[in-house]
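Text of data36.cif, listed as mmCIF, C-alpha atoms and all ligand atoms:
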```cif
data_input
#
loop_
_atom_site.label_atom_id
_atom_site.label_comp_id
_atom_site.auth_asym_id
_atom_site.auth_seq_id
_atom_site.Cartn_x
_atom_site.Cartn_y
_atom_site.Cartn_z
CA VAL A 28 86.04 71.63 138.50
CA THR A 29 85.95 71.79 134.71
CA ALA A 30 88.86 71.07 132.41
CA VAL A 31 89.02 74.78 131.58
CA GLU A 32 89.18 75.84 135.24
CA GLU A 33 91.85 73.26 135.85
CA ALA A 34 93.85 74.51 132.87
CA LEU A 35 93.59 78.12 134.07
CA ARG A 36 94.87 77.11 137.47
CA GLY A 37 97.58 74.94 135.98
CA VAL A 38 99.15 77.85 134.11
CA GLY A 39 98.77 80.31 136.97
CA TYR A 40 95.87 82.33 135.53
CA THR A 41 94.13 82.44 138.88
CA ASP A 42 93.37 86.15 138.78
CA VAL A 43 91.18 86.40 135.68
CA VAL A 44 88.59 89.10 135.17
CA GLY A 45 85.89 89.23 132.48
CA LEU A 46 86.56 91.52 129.53
CA ASP A 47 83.68 93.89 130.27
CA ASP A 48 84.65 94.22 133.92
CA PHE A 49 88.26 94.83 132.87
CA LEU A 50 87.22 97.66 130.56
CA THR A 51 84.90 99.22 133.12
CA TRP A 52 87.67 99.03 135.69
CA SER A 53 90.12 100.74 133.29
CA GLU A 54 87.82 103.74 132.98
CA TRP A 55 87.16 103.92 136.71
CA ALA A 56 90.79 103.50 137.78
CA LEU A 57 92.11 106.06 135.32
CA ALA A 58 89.45 108.66 136.09
CA ARG A 59 90.92 108.83 139.58
CA VAL A 60 94.23 110.03 138.16
CA GLY A 61 92.76 112.51 135.69
CA PHE A 62 92.67 110.32 132.59
CA ARG A 63 89.37 110.56 130.78
CA PRO A 64 88.34 109.42 127.32
CA SER A 65 88.15 113.09 126.30
CA ASN A 66 91.76 113.93 127.20
CA CYS A 67 93.60 110.72 126.23
CA LEU A 68 94.63 108.84 123.15
CA PRO A 69 94.37 105.06 123.57
CA VAL A 70 97.24 103.16 121.98
CA VAL A 71 96.36 99.51 121.51
CA SER A 72 98.94 96.79 120.99
CA VAL A 73 97.09 93.56 120.32
CA CYS A 74 97.46 90.78 117.79
CA ARG A 75 95.88 91.03 114.34
CA ASP A 76 93.83 87.88 115.04
CA GLU A 77 90.07 88.48 114.60
CA LEU A 78 89.60 86.76 117.95
CA MET A 79 90.72 90.08 119.41
CA ALA A 80 87.78 91.97 117.85
CA PRO A 81 85.80 92.07 121.12
CA VAL A 82 88.83 93.64 122.81
CA ASP A 83 89.27 96.14 119.97
CA GLU A 84 85.60 97.07 120.09
CA GLY A 85 85.52 97.24 123.87
CA VAL A 86 88.49 99.60 124.08
CA ARG A 87 86.99 101.75 121.35
CA ARG A 88 83.62 101.87 123.12
CA VAL A 89 85.15 102.98 126.43
CA TRP A 90 88.16 105.05 125.31
CA GLY A 91 87.37 106.17 121.77
CA GLN A 92 89.10 105.42 118.50
CA PRO A 93 92.57 104.03 119.28
CA PHE A 94 95.89 104.32 117.55
CA TRP A 95 96.70 100.75 116.50
CA ALA A 96 100.20 99.67 117.42
CA GLY A 97 100.05 95.89 117.29
CA ALA A 98 101.53 93.57 114.68
CA LEU A 99 101.55 89.75 114.87
CA ALA A 100 101.22 88.61 118.49
CA GLY A 101 100.56 92.23 119.46
CA LEU A 102 104.21 93.26 119.36
CA PRO A 103 104.48 96.98 118.57
CA PHE A 104 106.76 97.60 115.61
CA LEU A 105 105.53 101.13 114.95
CA GLY A 106 108.78 102.58 116.28
CA ARG A 107 109.59 106.27 116.76
CA THR A 108 107.81 107.30 113.59
CA GLY A 109 104.55 105.65 114.56
CA MET A 110 104.72 106.93 118.09
CA ARG A 111 105.52 110.44 116.90
CA ALA A 112 102.37 110.31 114.78
CA ALA A 113 100.33 109.06 117.75
CA LEU A 114 101.70 111.86 119.92
CA GLY A 115 100.60 114.34 117.29
CA HIS A 116 97.06 113.00 117.66
CA ALA A 117 96.95 112.95 121.45
CA PRO A 118 94.76 115.61 123.01
CA GLY A 119 96.71 118.27 124.86
CA GLU A 120 94.24 120.98 125.78
CA ASP A 121 95.64 121.53 129.26
CA GLY A 122 99.25 121.40 128.04
CA ARG A 123 99.67 117.71 128.81
CA HIS A 124 99.45 114.80 126.45
CA ARG A 125 98.02 111.57 127.78
CA PHE A 126 98.34 108.10 126.40
CA VAL A 127 96.54 105.01 127.62
CA LEU A 128 98.53 101.99 126.47
CA PHE A 129 96.83 98.62 126.23
CA CYS A 130 99.32 95.75 125.82
CA LEU A 131 97.32 92.55 125.68
CA PRO A 132 98.85 89.47 124.09
CA HIS A 133 96.47 86.52 123.85
CA ILE A 134 96.19 82.77 124.32
CA GLY A 135 93.44 80.22 123.91
CA ILE A 136 92.17 77.40 126.10
CA ASP A 137 89.79 74.94 124.44
CA ALA A 138 86.97 72.94 126.02
CA ASP A 139 89.34 70.05 126.75
CA GLY A 140 91.59 72.40 128.71
CA THR A 141 94.31 72.44 126.05
CA VAL A 142 96.32 75.62 126.43
CA GLY A 143 97.15 77.42 123.18
CA ARG A 144 94.14 76.08 121.28
CA VAL A 145 90.83 77.73 120.55
CA HIS A 146 87.64 76.71 118.78
CA ARG A 147 86.90 79.35 116.17
CA ARG A 148 83.50 79.97 114.69
CA GLY A 149 82.78 77.78 111.69
CA MET A 150 85.86 75.61 112.17
CA HIS A 151 85.64 71.97 113.04
CA ARG A 152 89.01 71.68 114.77
CA ALA A 153 90.67 73.87 117.35
CA SER A 154 93.44 76.09 116.01
CA ALA A 155 96.37 77.85 117.65
CA ALA A 156 96.19 81.10 119.61
CA CYS A 157 98.36 82.96 119.48
CA GLY A 158 99.27 81.48 116.11
CA ALA A 159 102.34 83.69 115.63
CA LEU A 160 103.78 82.73 119.02
CA ALA A 161 103.00 79.05 118.40
CA ALA A 162 104.81 79.29 115.06
CA TYR A 163 107.83 80.88 116.73
CA LEU A 164 107.91 78.11 119.34
CA SER A 165 107.71 75.37 116.76
CA ASP A 166 110.53 77.04 114.82
CA ILE A 167 112.90 77.21 117.77
CA ALA A 168 111.88 73.74 118.99
CA GLY A 169 112.82 72.49 115.51
CA GLY A 170 116.23 74.12 115.84
CA ALA A 171 115.63 76.90 113.34
CA THR A 172 118.03 79.80 113.65
CA VAL A 173 116.72 83.30 113.43
CA GLY A 174 117.88 84.93 110.23
CA GLY A 175 117.46 88.37 108.79
CA LEU A 176 114.40 90.17 107.58
CA ASP A 177 112.33 87.98 105.26
CA PRO A 178 110.56 90.38 102.88
CA ASP A 179 107.74 87.86 102.57
CA ASP A 180 107.36 87.50 106.31
CA ILE A 181 108.41 90.82 107.79
CA GLU A 182 106.39 90.84 110.98
CA GLN A 183 107.29 87.28 111.93
CA SER A 184 110.97 88.06 111.23
CA LEU A 185 110.75 91.02 113.59
CA LEU A 186 108.90 88.92 116.17
CA GLN A 187 111.62 86.27 116.05
CA ALA A 188 114.38 88.84 116.44
CA ARG A 189 112.63 90.62 119.33
CA LEU A 190 111.71 87.49 121.27
CA ARG A 191 115.11 85.92 120.78
CA THR A 192 116.57 88.75 122.89
CA LEU A 193 114.32 87.57 125.75
CA VAL A 194 114.50 83.78 125.50
CA GLU A 195 117.79 83.06 127.15
CA GLU A 196 118.00 79.34 126.62
CA GLY A 197 115.85 76.37 125.81
CA VAL A 198 112.29 76.48 124.58
CA PRO A 199 109.83 78.35 126.81
CA SER A 200 106.25 77.24 127.24
CA LEU A 201 103.61 79.15 125.30
CA VAL A 202 102.45 80.70 128.56
CA GLU A 203 105.98 81.89 129.35
CA LEU A 204 106.40 83.24 125.83
CA THR A 205 103.10 85.10 126.09
CA GLU A 206 104.32 86.75 129.29
CA LEU A 207 107.61 87.71 127.60
CA THR A 208 105.58 89.22 124.76
CA ARG A 209 103.59 91.29 127.25
CA GLN A 210 106.79 92.57 128.85
CA ALA A 211 108.36 93.35 125.47
CA SER A 212 105.30 95.27 124.29
CA VAL A 213 105.17 97.38 127.44
CA SER A 214 108.87 98.13 127.39
CA ASP A 215 108.98 98.93 123.66
CA LEU A 216 106.01 101.30 123.76
CA ARG A 217 107.48 103.10 126.77
CA ARG A 218 110.83 103.42 125.01
CA PHE A 219 109.26 104.82 121.83
CA ILE A 220 107.40 107.41 123.90
CA SER A 221 110.59 108.41 125.70
CA LEU A 222 112.28 108.86 122.32
CA VAL A 223 109.64 111.19 120.89
CA GLY A 224 108.40 112.99 124.00
CA GLY A 225 110.57 116.08 123.55
CA ASP A 226 109.75 119.04 125.77
CA GLU A 227 106.05 118.49 126.11
CA PRO A 228 104.84 116.57 129.14
CA VAL A 229 103.49 113.14 128.23
CA ASP A 230 101.58 111.27 130.92
CA VAL A 231 101.37 107.56 130.29
CA ALA A 232 98.94 105.04 131.66
CA CYS A 233 99.96 101.49 130.83
CA ILE A 234 97.53 98.62 131.20
CA SER A 235 98.69 95.15 130.33
CA GLY A 236 97.60 91.58 130.78
CA VAL A 237 96.92 88.39 128.86
CA VAL A 238 93.60 87.92 127.06
CA VAL A 239 92.50 84.30 127.45
CA HIS A 240 89.96 83.01 124.93
CA LEU A 241 87.79 80.41 126.64
CA PRO A 242 85.17 78.18 124.97
CA ASP A 243 81.91 79.71 123.73
CA GLY A 244 83.51 83.02 122.83
CA GLN A 245 84.16 83.99 126.42
CA ASP A 246 87.18 86.27 126.90
CA VAL A 247 88.87 86.94 130.21
CA VAL A 248 91.99 88.91 131.13
CA ALA A 249 94.69 87.41 133.34
CA HIS A 250 97.63 89.02 135.15
CA VAL A 251 96.34 92.57 134.83
CA ASP A 252 99.05 95.07 135.62
CA ALA A 253 98.61 98.82 135.45
CA ASP A 254 100.39 101.98 136.37
CA VAL A 255 100.42 105.65 135.49
CA ARG A 256 103.53 107.78 135.08
CA ILE A 257 103.02 111.48 135.56
CA ASP A 258 106.17 113.65 135.67
CA ALA A 259 108.28 110.53 136.28
CA VAL A 260 106.23 109.61 139.34
CA VAL A 261 104.77 106.11 139.12
CA HIS A 262 101.30 105.44 140.50
CA VAL A 263 100.33 101.78 140.60
CA LEU A 264 96.64 101.31 139.78
CA PRO A 265 94.90 98.88 142.12
CA HIS A 266 92.52 96.38 140.61
ZN ZN A 301 97.74 86.10 117.81
#
```
Mind turning this structure into structure tokens?
Ligand SMILES: [Zn+2]
Amino acid sequence: VTAVEEALRGVGYTDVVGLDDFLTWSEWALARVGFRPSNCLPVVSVCRDELMAPVDEGVRRVWGQPFWAGALAGLPFLGRTGMRAALGHAPGEDGRHRFVLFCLPHIGIDADGTVGRVHRRGMHRASAACGALAAYLSDIAGGATVGGLDPDDIEQSLLQARLRTLVEEGVPSLVELTELTRQASVSDLRRFISLVGGDEPVDVACISGVVVHLPDGQDVVAHVDADVRIDAVVHVLPH
């Protein structure tokens, strides 16, 4: 058992799937409920980090050009206005609009099995992933109080305010915070859609999970969760 495998097990990522298999599965699972690349708009909420480029490119290859919703850590701060724009771009030939949401926060595990660290190309030392979540953790561990909107750090201010509503007490682990980020992204995107849906039917597929960056540029997805809501009926997608 390698240090990486041990680390994956230690944080409960026992259900990982490779990125390519994850993307292929998304297309297969959604085709069964009538979602095809030609009749959907993908909405992607992932972190700005260039480590997420393979995920960006993979979603684009399978689902077409996405609407980008993710700020630091992948939290979606596009709000009603952004979602209204996305809805205006969603195909609706048969009278139904369809979104495929991808909410995929990320975390690194380095070759020593250290969770939250990743070896980036051209860098001697491992660095943090997700860096924004690690920064938030070090702030609250240091006793920093969350203030207002810092005009020189708008996204991180919003991240702090959003996550503070979810961290009830103490300092969570990075893994726990990543899971809270996933839940927040899913719930915020759903809420924005409900606020702008209006009279037109909007069918929503929501695929979420945690992208884990392993050594040698290998990406896997843990804790995949997916469902489709069509006319308020929820269909859980098996995987
Ligand atoms: Zn990040």
Go through A:Leu201, A:Val73, A:Ala34, A:Ala171 and flag the residue nearest ligand ZN 301 (chain A), using all atoms listed in the file for the distances.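 Comparing A:Leu201, A:Val73, A:Ala34, A:Ala171 against ligand ZN 301 (chain A), the winner is A:Val73.
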Proximity of chain A to ligand ZN 301 (chain A): per-residue shortest pair, 6 Å limit, all atoms listed in the file, as JSON lines:
```
{"residue": "A:Cys74", "atom": "CA", "partner": "A:ZN301", "partner_atom": "ZN", "distance": 4.7}
{"residue": "A:Asp76", "atom": "CA", "partner": "A:ZN301", "partner_atom": "ZN", "distance": 5.1}
{"residue": "A:Ala100", "atom": "CA", "partner": "A:ZN301", "partner_atom": "ZN", "distance": 4.3}
{"residue": "A:Ala156", "atom": "CA", "partner": "A:ZN301", "partner_atom": "ZN", "distance": 5.5}
{"residue": "A:Cys157", "atom": "CA", "partner": "A:ZN301", "partner_atom": "ZN", "distance": 3.6}
{"residue": "A:Gly158", "atom": "CA", "partner": "A:ZN301", "partner_atom": "ZN", "distance": 5.2}
{"residue": "A:Ala159", "atom": "CA", "partner": "A:ZN301", "partner_atom": "ZN", "distance": 5.6}
```
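Between CA of Leu176 (chain A) and CA of Leu99 (chain A) there is a distance of 14.8 Å.
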Shortest interatomic distance to Leu57 (chain A) - which of A:Val86, A:Ile136, A:Val260, A:Val255, counting all atoms listed in the file: A:Val255
Might you pull out every residue within 12 Å of Val194 (chain A), with only C-alpha atoms counted and same-chain residues fewer than 5 positions away left off, and present them as a PyMOL selection string? chain A and resi 163-164+167+187-189+199-201+203-208+211
Give me the residues near region 43-48 of chain A as a PyMOL selection string, where near means some atom within 12 Å (using all atoms listed in the file) and where sequence neighbours in that chain fewer than 5 positions away do not count. chain A and resi 32+35-36+38+53-56+79-86+88-89+131+236-241+244-252+266
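Using only C-alpha atoms for every distance, the candidate list A:Val229, A:Ser214, A:Arg125, A:Gly39 yields A:Arg125 as the residue closest to Gly61 (chain A).
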9 Å contact set for Pro64 (chain A), only C-alpha atoms, chain neighbours under 4 positions out, as a list in words: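 In the requested form, the answer reads Glu54, Ala58, Leu68, Pro69, Val89, Trp90 and Gly91 of chain A.
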Taking all listed atoms of region 135-141 of chain A, build the axis-aligned box, pad each of the six sides by 6 Å, then write its centre and edge lengths in Å to one decimal as AutoDock Vina command-line options.
```
--center_x 90.6 --center_y 75.1 --center_z 126.3 --size_x 19.3 --size_y 22.2 --size_z 16.8
```
Provide the CA of Val142 (chain A) to CA of Ser212 (chain A) distance in Å, to one decimal place.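 Interatomic distance, CA of Val142 (chain A) to CA of Ser212 (chain A): 21.7 Å.
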Please report the interatomic distance between CA of Leu185 (chain A) and CA of Phe129 (chain A) in Å with one decimal.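 CA of Phe129 (chain A) lies 20.3 Å from CA of Leu185 (chain A).
Considering the residues A:Thr192, A:Leu78, A:Arg218, A:Phe126 and counting all atoms listed in the file, Ser154 (chain A) has its shortest atom-to-atom contact with A:Leu78.
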Between A:Gln92, A:Asp254, A:Ile220, A:Ile234, which one has atoms that come closest to Leu50 (chain A), using all atoms listed in the file?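 Of A:Gln92, A:Asp254, A:Ile220, A:Ile234, the one nearest Leu50 (chain A), counting all atoms listed in the file, is A:Ile234.
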Could you check the closest approach to Ser65 (chain A) for each of A:Cys233, A:Ala155, A:Ala117, A:Val28 and tell me which residue wins, using all atoms listed in the file?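 Under the stated criterion, the closest residue is A:Ala117.
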Missing atoms in region 201-227 of chain A should be modelled up to N, CA, C and O atoms and reported as a PDB file, in the coordinates of the input.
```pdb
ATOM      1  N   LEU A 201     104.392  78.088 125.942  1.00  0.00           N
ATOM      2  CA  LEU A 201     103.610  79.150 125.300  1.00  0.00           C
ATOM      3  C   LEU A 201     103.176  80.206 126.315  1.00  0.00           C
ATOM      4  O   LEU A 201     103.166  81.401 126.015  1.00  0.00           O
ATOM      5  N   VAL A 202     102.858  79.758 127.520  1.00  0.00           N
ATOM      6  CA  VAL A 202     102.450  80.700 128.560  1.00  0.00           C
ATOM      7  C   VAL A 202     103.608  81.634 128.922  1.00  0.00           C
ATOM      8  O   VAL A 202     103.437  82.851 129.059  1.00  0.00           O
ATOM      9  N   GLU A 203     104.801  81.052 129.053  1.00  0.00           N
ATOM     10  CA  GLU A 203     105.980  81.890 129.350  1.00  0.00           C
ATOM     11  C   GLU A 203     106.262  82.855 128.208  1.00  0.00           C
ATOM     12  O   GLU A 203     106.580  84.028 128.428  1.00  0.00           O
ATOM     13  N   LEU A 204     106.123  82.377 126.984  1.00  0.00           N
ATOM     14  CA  LEU A 204     106.400  83.240 125.830  1.00  0.00           C
ATOM     15  C   LEU A 204     105.377  84.375 125.728  1.00  0.00           C
ATOM     16  O   LEU A 204     105.712  85.501 125.356  1.00  0.00           O
ATOM     17  N   THR A 205     104.145  84.070 126.096  1.00  0.00           N
ATOM     18  CA  THR A 205     103.100  85.100 126.090  1.00  0.00           C
ATOM     19  C   THR A 205     103.430  86.189 127.102  1.00  0.00           C
ATOM     20  O   THR A 205     103.264  87.379 126.832  1.00  0.00           O
ATOM     21  N   GLU A 206     103.929  85.771 128.262  1.00  0.00           N
ATOM     22  CA  GLU A 206     104.320  86.750 129.290  1.00  0.00           C
ATOM     23  C   GLU A 206     105.520  87.589 128.802  1.00  0.00           C
ATOM     24  O   GLU A 206     105.550  88.807 129.001  1.00  0.00           O
ATOM     25  N   LEU A 207     106.472  86.953 128.135  1.00  0.00           N
ATOM     26  CA  LEU A 207     107.610  87.710 127.600  1.00  0.00           C
ATOM     27  C   LEU A 207     107.131  88.716 126.544  1.00  0.00           C
ATOM     28  O   LEU A 207     107.648  89.836 126.451  1.00  0.00           O
ATOM     29  N   THR A 208     106.139  88.324 125.774  1.00  0.00           N
ATOM     30  CA  THR A 208     105.580  89.220 124.760  1.00  0.00           C
ATOM     31  C   THR A 208     104.917  90.436 125.418  1.00  0.00           C
ATOM     32  O   THR A 208     105.063  91.570 124.956  1.00  0.00           O
ATOM     33  N   ARG A 209     104.202  90.179 126.509  1.00  0.00           N
ATOM     34  CA  ARG A 209     103.590  91.290 127.250  1.00  0.00           C
ATOM     35  C   ARG A 209     104.672  92.254 127.728  1.00  0.00           C
ATOM     36  O   ARG A 209     104.574  93.476 127.539  1.00  0.00           O
ATOM     37  N   GLN A 210     105.716  91.710 128.333  1.00  0.00           N
ATOM     38  CA  GLN A 210     106.790  92.570 128.850  1.00  0.00           C
ATOM     39  C   GLN A 210     107.466  93.345 127.727  1.00  0.00           C
ATOM     40  O   GLN A 210     107.775  94.536 127.880  1.00  0.00           O
ATOM     41  N   ALA A 211     107.701  92.687 126.596  1.00  0.00           N
ATOM     42  CA  ALA A 211     108.360  93.350 125.470  1.00  0.00           C
ATOM     43  C   ALA A 211     107.491  94.485 124.928  1.00  0.00           C
ATOM     44  O   ALA A 211     107.991  95.572 124.617  1.00  0.00           O
ATOM     45  N   SER A 212     106.202  94.240 124.822  1.00  0.00           N
ATOM     46  CA  SER A 212     105.300  95.270 124.290  1.00  0.00           C
ATOM     47  C   SER A 212     105.290  96.500 125.187  1.00  0.00           C
ATOM     48  O   SER A 212     105.375  97.637 124.711  1.00  0.00           O
ATOM     49  N   VAL A 213     105.190  96.261 126.488  1.00  0.00           N
ATOM     50  CA  VAL A 213     105.170  97.380 127.440  1.00  0.00           C
ATOM     51  C   VAL A 213     106.486  98.152 127.339  1.00  0.00           C
ATOM     52  O   VAL A 213     106.502  99.383 127.220  1.00  0.00           O
ATOM     53  N   SER A 214     107.588  97.433 127.354  1.00  0.00           N
ATOM     54  CA  SER A 214     108.870  98.130 127.390  1.00  0.00           C
ATOM     55  C   SER A 214     109.149  98.850 126.068  1.00  0.00           C
ATOM     56  O   SER A 214     109.668  99.967 126.061  1.00  0.00           O
ATOM     57  N   ASP A 215     108.744  98.266 124.949  1.00  0.00           N
ATOM     58  CA  ASP A 215     108.980  98.930 123.660  1.00  0.00           C
ATOM     59  C   ASP A 215     108.123 100.187 123.508  1.00  0.00           C
ATOM     60  O   ASP A 215     108.619 101.227 123.063  1.00  0.00           O
ATOM     61  N   LEU A 216     106.856 100.104 123.883  1.00  0.00           N
ATOM     62  CA  LEU A 216     106.010 101.300 123.760  1.00  0.00           C
ATOM     63  C   LEU A 216     106.534 102.426 124.653  1.00  0.00           C
ATOM     64  O   LEU A 216     106.592 103.586 124.244  1.00  0.00           O
ATOM     65  N   ARG A 217     106.939 102.076 125.859  1.00  0.00           N
ATOM     66  CA  ARG A 217     107.480 103.100 126.770  1.00  0.00           C
ATOM     67  C   ARG A 217     108.738 103.740 126.170  1.00  0.00           C
ATOM     68  O   ARG A 217     108.946 104.941 126.264  1.00  0.00           O
ATOM     69  N   ARG A 218     109.585 102.894 125.588  1.00  0.00           N
ATOM     70  CA  ARG A 218     110.830 103.420 125.010  1.00  0.00           C
ATOM     71  C   ARG A 218     110.523 104.350 123.844  1.00  0.00           C
ATOM     72  O   ARG A 218     111.096 105.432 123.735  1.00  0.00           O
ATOM     73  N   PHE A 219     109.599 103.957 122.972  1.00  0.00           N
ATOM     74  CA  PHE A 219     109.260 104.820 121.830  1.00  0.00           C
ATOM     75  C   PHE A 219     108.743 106.173 122.332  1.00  0.00           C
ATOM     76  O   PHE A 219     109.089 107.215 121.782  1.00  0.00           O
ATOM     77  N   ILE A 220     107.925 106.146 123.372  1.00  0.00           N
ATOM     78  CA  ILE A 220     107.400 107.410 123.900  1.00  0.00           C
ATOM     79  C   ILE A 220     108.543 108.257 124.439  1.00  0.00           C
ATOM     80  O   ILE A 220     108.607 109.469 124.194  1.00  0.00           O
ATOM     81  N   SER A 221     109.482 107.622 125.148  1.00  0.00           N
ATOM     82  CA  SER A 221     110.590 108.410 125.700  1.00  0.00           C
ATOM     83  C   SER A 221     111.439 109.007 124.584  1.00  0.00           C
ATOM     84  O   SER A 221     112.049 110.058 124.760  1.00  0.00           O
ATOM     85  N   LEU A 222     111.469 108.356 123.428  1.00  0.00           N
ATOM     86  CA  LEU A 222     112.280 108.860 122.320  1.00  0.00           C
ATOM     87  C   LEU A 222     111.624 110.017 121.581  1.00  0.00           C
ATOM     88  O   LEU A 222     112.311 110.777 120.900  1.00  0.00           O
ATOM     89  N   VAL A 223     110.322 110.137 121.668  1.00  0.00           N
ATOM     90  CA  VAL A 223     109.640 111.190 120.890  1.00  0.00           C
ATOM     91  C   VAL A 223     109.005 112.248 121.773  1.00  0.00           C
ATOM     92  O   VAL A 223     108.420 113.198 121.262  1.00  0.00           O
ATOM     93  N   GLY A 224     109.117 112.090 123.100  1.00  0.00           N
ATOM     94  CA  GLY A 224     108.400 112.990 124.000  1.00  0.00           C
ATOM     95  C   GLY A 224     108.822 114.448 123.865  1.00  0.00           C
ATOM     96  O   GLY A 224     108.001 115.334 123.944  1.00  0.00           O
ATOM     97  N   GLY A 225     110.105 114.701 123.678  1.00  0.00           N
ATOM     98  CA  GLY A 225     110.570 116.080 123.550  1.00  0.00           C
ATOM     99  C   GLY A 225     110.301 116.872 124.817  1.00  0.00           C
ATOM    100  O   GLY A 225     110.410 116.360 125.927  1.00  0.00           O
ATOM    101  N   ASP A 226     109.930 118.135 124.627  1.00  0.00           N
ATOM    102  CA  ASP A 226     109.750 119.040 125.770  1.00  0.00           C
ATOM    103  C   ASP A 226     108.362 118.974 126.378  1.00  0.00           C
ATOM    104  O   ASP A 226     108.141 119.417 127.494  1.00  0.00           O
ATOM    105  N   GLU A 227     107.421 118.454 125.606  1.00  0.00           N
ATOM    106  CA  GLU A 227     106.050 118.490 126.110  1.00  0.00           C
ATOM    107  C   GLU A 227     105.820 117.363 127.095  1.00  0.00           C
ATOM    108  O   GLU A 227     106.257 116.241 126.873  1.00  0.00           O
TER     109      GLU A 227
END
```
